[in-house]
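Report on the structure given below.
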Amino acid sequence: MMSGMSSKSLTLVVFIAFLVWSSNFEACIARRGKHWRQSRDASASLSKKKGSHGGSKSHHSGGSHSKAPPPHNASPPSPIPPKPKEEIVQTPPKKGYNGGDSAIFNVLDFGAKGNGETDDTKAFEDAWAAACKVEGSTVMVPAEYVFFVGPISFSGPYCQPDIVFQLDGTIIAPTDRQTWGKGLLQWIQFTKLVGITIRGSGVIDGRGSVWWQDSSFDEPIDDEMKLIIPINNTRAETKPTPIGSNLDGKMPSIKPTALRFYGSFNATVTGITIQNSPQCHLKFDNCVGVLVHDFSVSSPGDSLNTDGIHLQNSKDVLIHSSSLSCGDDCVSIQTGCSNVYIHNVNCGPGHGISIGSLGKDHTKACVSNITVRDVTMHNTMNGVRIKTWQGGSGSVQNVLFSNIQMSEVQLPIVIDQFYCDKAKCTNQTSAVALSGINYEKIRGTYTVKPVHFACSDNLPCTDVTLTTIELKPLQERYHLYDPFCWQTFGELRTPTSPPIGCLQIGKPSSNRVQYEENDSC
């Protein structure tokens, strides 16, 4: 009896325990399923909002029991569930950031006023400092604003690559002497950058007339002026008319370049205009990989020493589809330049496209692999020119000037190895060696002299070739002269107009060429 009742009681207890255990197990599964679904919903919501993060994983060891992985057709639970959608807090965007694929830093967001009077230099510096930290970022200078900016440097080398300076507005330079102190070599400078691009439809205005009017008679004068004799044998020298300035005296004798790149790789300038620079408009120094296209320079023809594009110690340069109007060389190619290709450029007014001047103050100059083709020159002093100083060393070699259209050019083809921009220069025996200079398809009109070849007595020019030269005189204000050659050796590959009988065919005798050890590059 006792045994039987004991057995029934034991059965009842076991049954009740089983019911309790089953209830707890279902509640546990239900809670786990609810949590899993919420995690998946939140993850999906976050993924749609922010995008997938690839294969990043995290690990959580919340208990001592290892769990079997879910089946292949089920999504695993998130080990650390994110906050529900309504609890996710968005981080506010950084100043200037557009939230897209790349950061855009608008100078207006950094305090620039753009009214043409307030000094916006600090805002530009701050925008650059922010952009410098972000690869592929953009500094935005918006249209319809005029930004007054003092001397400024946008510097690397610790900036991220591929920064874009988007210039759609106008930047103007100060015209007061105090800003410039004793003189600066540049106004806007980009240094030691990789993949820097300046682009847009904007303008950089150097307001250079306040510099030109003070120094127009103190500046070096282009030496080819000595070849240009007016018919009445007088020269009209007039100063540019100033447009007004905030001056308490003359501007410094050292004049700044408007825009300079130094020590940079893969620098690009496109779309913008630089006008009225105090000196050079655009300069590349110690750069590798330069691209300039759809670019404009605009300054008066009587603004002294205002080169359009100045290249120095730079390699792998491409300039095309641009219009250059200035008071000096449209393009100036200096020492240390190689692999330069210029095409489809309009030049004028100005002094043409020049290699040099080279070898000044007994320096060594090395220039090679230069091509200038498909260029139009109108109302320029020179067309295509090479100019070197006596006493220099080094070489210029492998140069091609091709398909150049001249219109009212005073001196279309020039080699001048006696270049001197001072009142008097001492005769020197050493010279920069010139060889492999090729002219082809040079056509149009000249107003003074079609060809002027003045090569060194001790180191004549060699391998100078002339092909399809068709230049017609146009009597204007100057005396007209026949082609001139001195110590120039080479080949006439076709008849020329006018005839260039002064070129010496072949090569100079070996005892006339005096190479020095330091002539090699």
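Chain labels A, B, ... are given in the sequence in which chains occur in the structure tokens; within each chain residues are numbered consecutively from 1, and ligands are likewise numbered from 1 in the order shown.
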Using only C-alpha atoms, determine which residues lie at most 7 Å from Val292 of chain A, disregarding the query and same-chain residues fewer than 4 positions distant; provide the list as a short mmCIF file (atom, residue, chain, number, x, y, z; two decimals) with C-alpha atoms, in the first residue's frame.
```cif
data_model
loop_
_atom_site.label_atom_id
_atom_site.label_comp_id
_atom_site.auth_asym_id
_atom_site.auth_seq_id
_atom_site.Cartn_x
_atom_site.Cartn_y
_atom_site.Cartn_z
CA THR A 268 47.31 69.65 -63.56
CA VAL A 269 45.96 73.12 -64.39
CA THR A 270 42.87 73.38 -66.57
CA LEU A 318 52.23 68.47 -71.78
CA ILE A 319 50.71 71.86 -72.63
CA HIS A 320 47.87 72.09 -75.15
#
```
(message) Please list as a PyMOL selection string every residue within 10 Å of Val107 of chain A, counting only C-alpha atoms and excluding residues in the same chain fewer than 6 positions away.
(response) chain A and resi 96+113-114+120-128+139-142+147
(message) List the spatial neighbours of segment 437-452 of chain A as a PyMOL selection string - criterion: any atom at most 7 Å away, only C-alpha atoms, same-chain residues fewer than 5 positions off excluded.
(response) chain A and resi 228+397-415+463-476+478-485
(request) Counting only C-alpha atoms, figure out which residue out of A:Cys132, A:Val146, A:Val372, A:Ile198 gets nearest to Val290 of chain A. (result)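 Among A:Cys132, A:Val146, A:Val372, A:Ile198, it is A:Ile198 that comes nearest to Val290 of chain A.
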(request) Grab the atom CA of Leu184 of chain A to atom CA of Phe148 of chain A distance for me, in Å with one decimal place. (result) 17.4 Å
(message) Could you pull out the strand (DSSP E or B) residues of segment 108-196 of chain A, going by DSSP on the backbone, and write them as number ranges by chain?
(response) A: 115-119, 138-141, 146-148, 152-155, 164-167, 170-172, 183, 186-191, 194
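Here atom CA of Gly156 of chain A stands at a distance of 19.0 Å from atom CA of Asn313 of chain A.
Going from atom CA of Gly392 of chain A over to atom CA of Ile333 of chain A, you cover 16.2 Å.
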(request) Have a look at A:Tyr145, A:Phe489, A:Trp211, A:Phe418 and name the one nearest to Ser456 of chain A; count only C-alpha atoms. (result)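 Smallest distance to Ser456 of chain A is found for A:Phe418.
For the residues A:Leu459, A:Leu492, A:Ile342, A:Ala112, ranking by smallest atom-to-atom distance to Ser509 of chain A using only C-alpha atoms places A:Leu459 first.
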(message) Report as a ChimeraX atom specification all protein, DNA and RNA residues lying within 9 Å of Ser332 of chain A, evaluated on only C-alpha atoms, omitting residues in the same chain fewer than 6 positions from it.
(response) /A:307-312,352-357
(message) Measuring between only C-alpha atoms, which one of A:Ala454, A:Ile188, A:Met225, A:Val396 shows the shortest distance to Val432 of chain A?
(response) A:Val396
(request) Determine, counting only C-alpha atoms, which protein, DNA and RNA residues have an atom within 10 Å of an atom of Ser137 of chain A; residues of the same chain fewer than 3 positions away are not included. Present the result as number ranges by chain. (result) A: 97, 101-105, 128, 130-134, 140, 160-165
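Shortest atom-to-atom contact with Gly206 of chain A among A:Ser277, A:Thr118, A:Thr306, A:Ser435: A:Ser277, counting only C-alpha atoms.
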